[in-house]
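First up is the structure itself, then whatever we jot down about it.
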Amino acid sequence: MDSSQLLKGVLDTAVLAVLENEDGYGYDIVRRLREAGFADIGDATVYGTLRRLYAAGLLKTYVVPSEDGPHRKYYAVNTQGLKALQQQRGIWVEFATNMSRILGTPNTFSEGKSK
Amino acid sequence: MTKVQDKAISAFVTDVRAALEGQDPNVIADLTDNLEADLMDRQASETDAFQLGNPKLFAQELLASAGLLSVSSADSRAMRFWRGVGSAVWRFLKSVRPAWWVFRGLMAYTLIWFVLLKQEKYIPDNPGAWLALAVMVVVSVQIGRANSRKLAIRLALAVLNIVAVLVAGYWLVGFNQVRDNYQRMNVLFNSGLLLQDGRVVGFAYAYDKNGKQLPMAALKDGNGHLIYQPPASTDLPPALAATVGTALANAISVLNKLHDAIVEISYQDLPEVQSGHVASVQVSYDALGSQHVQLVVAK
């Protein structure tokens with residue numbers, strides 16, 4: 001199984017999660033996703049996803065002027081995006097719990113909840 | 001970062017924008033406005049490993065992840081259409097697989113009957129044959145339902161399916177011949193004639209126990225269906241009888257009203273046809289029930 005195929009299904013959620021605590025600009029978001037373990041993710045894939053999430057009304061943007069380079073367009077999650085992220089989080093936990101049960105692997109979500 | 005690398009990035013972004021041509025200008029701006037700065041950041045982060053790649057592929061990836069690929073290129077639209085058609089056909093074929101399994105059972109029945117018993121049997125005609133067909137159908141359906149993933153079994157099944165297709169061709173030819181024969185028989189039945197051991201019975205008569213012929217209007221089967229209609233009387237119809245001694249043209253006008261009759265005209269000592277008078281008229285019926293009118297014309 002190719003993990004990049006799995007990532008395609010959850011990339012929206014991953015991008016929203018990355019932006020939940022801290023706003024970011026294009027390559028900054030790519031870097032954070034790569035540091036989170038998605039080392040092979042393409043930057044064009046992330047930029048396109050950002051555009052789609054923005055068009056769907058889940059992100060807002062603002063420009064930060066820069067003295068030593070081009071201006072940066074920052075992305076931030078708006079209220080609608082936070083709602084969507086919360087919903088997707090619930091779906092993911094249920095999905096991952098079910099998969100863990102089927103695969104017979106430790107269920108980190110249930111364990112985390114019980115602590 | 002060097003000026004040369006900056007130029008390469010600028011050229012790359014220009015190429016990406018060119019590859020996005022045809023899209024809404026706002027979309028192109030959304031996707032590429034900060035691209036140069038982002039690529040510079042990436043370059044600074046990756047240093048020696050930095051590579052720009054193919055701008056067209058980059059543009060395709062941008063569109064795909066932005067959910068815009070469906071309106072981007074005619075090629076991908078056409079490909080998606082044919083993929084959709086292929087997928088629909090495949091789904092349809094999968095849904096009718098049980099019908100194929102049953103048909104394959106019929107083919108196996110035909111083949112086994114032909115190989116083992118050297119007989120051509122397309123449709124069972126006795127309880128034993130029906131039982132054999134049922135067994136073949138059940139076996140074929142069970143093999144289909146098993147849907148084994150083992151390569152050897154799948155290969156064997158592929159060979160059997162090909163054999164079934166070949167037998168199907170043979171079966172269809174044979175079945176068509178049987179159907180044609182049936183249709184011919186049907187025509188004979190509909191002609192009002194009886195068939196006795198495959199032979200046409202031209203006429204039927206009823207007799208009493210003393211051997212005296214009885215008048216008979218028609219023969220009907222147990223369901224009341226007409227199976228034999230005796231030929232009409234060979235007595236000369238009055239209209240035709242009245243033509244004797246009159247001009248041929250008069251007889252022809254009467255004959256034109258007998259649509260199904262086969263008319264034979266013979267001329268006696270007449271150099272030209274269509275002239276003279278009717279000398280005699282006779283009516284008869286052939287084995288197929290057709291009415292024949294023999295007309296003799298003389299001066």
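To be explicit about the labels: the chains of the structure tokens are called A, B, and onward in the order shown, and within each one the residues are counted from 1, while ligands get numbers from 1 in the order they are shown.
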
Exercise. Tell me which protein, DNA and RNA residues are within 7 Å of Val102 (chain B), counting only C-alpha atoms, leaving out same-chain ones fewer than 6 positions away, and put them as a PyMOL selection string.
Key: chain B and resi 137+140-141

Proximity check chain A to chain B, 7 Å, nearest pairs one decimal Å, only C-alpha atoms, as CSV:
residue,atom,partner,partner_atom,distance
A:Gly26,CA,B:Asp38,CA,6.1
A:Tyr27,CA,B:Asp38,CA,5.0
A:Ala44,CA,B:Leu62,CA,4.9
A:Thr45,CA,B:Ser65,CA,5.3
A:Tyr47,CA,B:Leu62,CA,6.6
A:Gly48,CA,B:Ala66,CA,4.1
A:Thr49,CA,B:Ala66,CA,5.1
A:Arg51,CA,B:Ala66,CA,6.0
A:Arg52,CA,B:Ala66,CA,4.7
A:Pro70,CA,B:Ala37,CA,6.2
A:Arg72,CA,B:Asn34,CA,6.9
A:Lys73,CA,B:Asn34,CA,6.8

Prev. selection, N, CA and C atoms, output as a JSON list (two decimals), in the first residue's frame:
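Saved file selection.json follows:
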[["chain", "number", "residue", "atom", "x", "y", "z"],
["A", 26, "GLY", "N", 2.89, 29.46, 2.16],
["A", 26, "GLY", "CA", 3.02, 28.28, 1.32],
["A", 26, "GLY", "C", 4.08, 27.28, 1.71],
["A", 27, "TYR", "N", 5.35, 27.68, 1.53],
["A", 27, "TYR", "CA", 6.41, 26.69, 1.78],
["A", 27, "TYR", "C", 6.53, 26.35, 3.26],
["A", 44, "ALA", "N", 3.57, 21.42, -4.88],
["A", 44, "ALA", "CA", 2.44, 21.80, -5.72],
["A", 44, "ALA", "C", 1.14, 21.23, -5.17],
["A", 45, "THR", "N", 1.23, 20.02, -4.61],
["A", 45, "THR", "CA", 0.04, 19.40, -4.02],
["A", 45, "THR", "C", -0.49, 20.25, -2.87],
["A", 47, "TYR", "N", 0.14, 23.53, -2.33],
["A", 47, "TYR", "CA", -0.32, 24.85, -2.79],
["A", 47, "TYR", "C", -1.72, 24.74, -3.40],
["A", 48, "GLY", "N", -1.95, 23.69, -4.16],
["A", 48, "GLY", "CA", -3.27, 23.48, -4.76],
["A", 48, "GLY", "C", -4.32, 23.24, -3.69],
["A", 49, "THR", "N", -3.94, 22.47, -2.67],
["A", 49, "THR", "CA", -4.88, 22.19, -1.57],
["A", 49, "THR", "C", -5.23, 23.48, -0.82],
["A", 51, "ARG", "N", -5.30, 26.44, -2.04],
["A", 51, "ARG", "CA", -6.19, 27.23, -2.89],
["A", 51, "ARG", "C", -7.62, 26.67, -2.81],
["A", 52, "ARG", "N", -7.72, 25.34, -2.79],
["A", 52, "ARG", "CA", -9.04, 24.70, -2.74],
["A", 52, "ARG", "C", -9.72, 24.97, -1.39],
["A", 70, "PRO", "N", 10.22, 39.05, -1.19],
["A", 70, "PRO", "CA", 8.83, 39.29, -1.60],
["A", 70, "PRO", "C", 7.86, 39.20, -0.42],
["A", 72, "ARG", "N", 4.71, 37.99, 1.79],
["A", 72, "ARG", "CA", 4.23, 36.62, 2.04],
["A", 72, "ARG", "C", 2.71, 36.61, 2.18],
["A", 73, "LYS", "N", 2.09, 35.65, 1.52],
["A", 73, "LYS", "CA", 0.65, 35.47, 1.74],
["A", 73, "LYS", "C", 0.48, 34.38, 2.79]]

Quiz prompt | Surrounding residues of Lys299 (chain B) excluding itself and chain neighbours under 6 positions, 9 Å, only C-alpha atoms, as a list in words | solution = Tyr267, Gln268, Asp269, Leu270, Ser275, Gly276, His277, Val278 and Ala279 of chain B
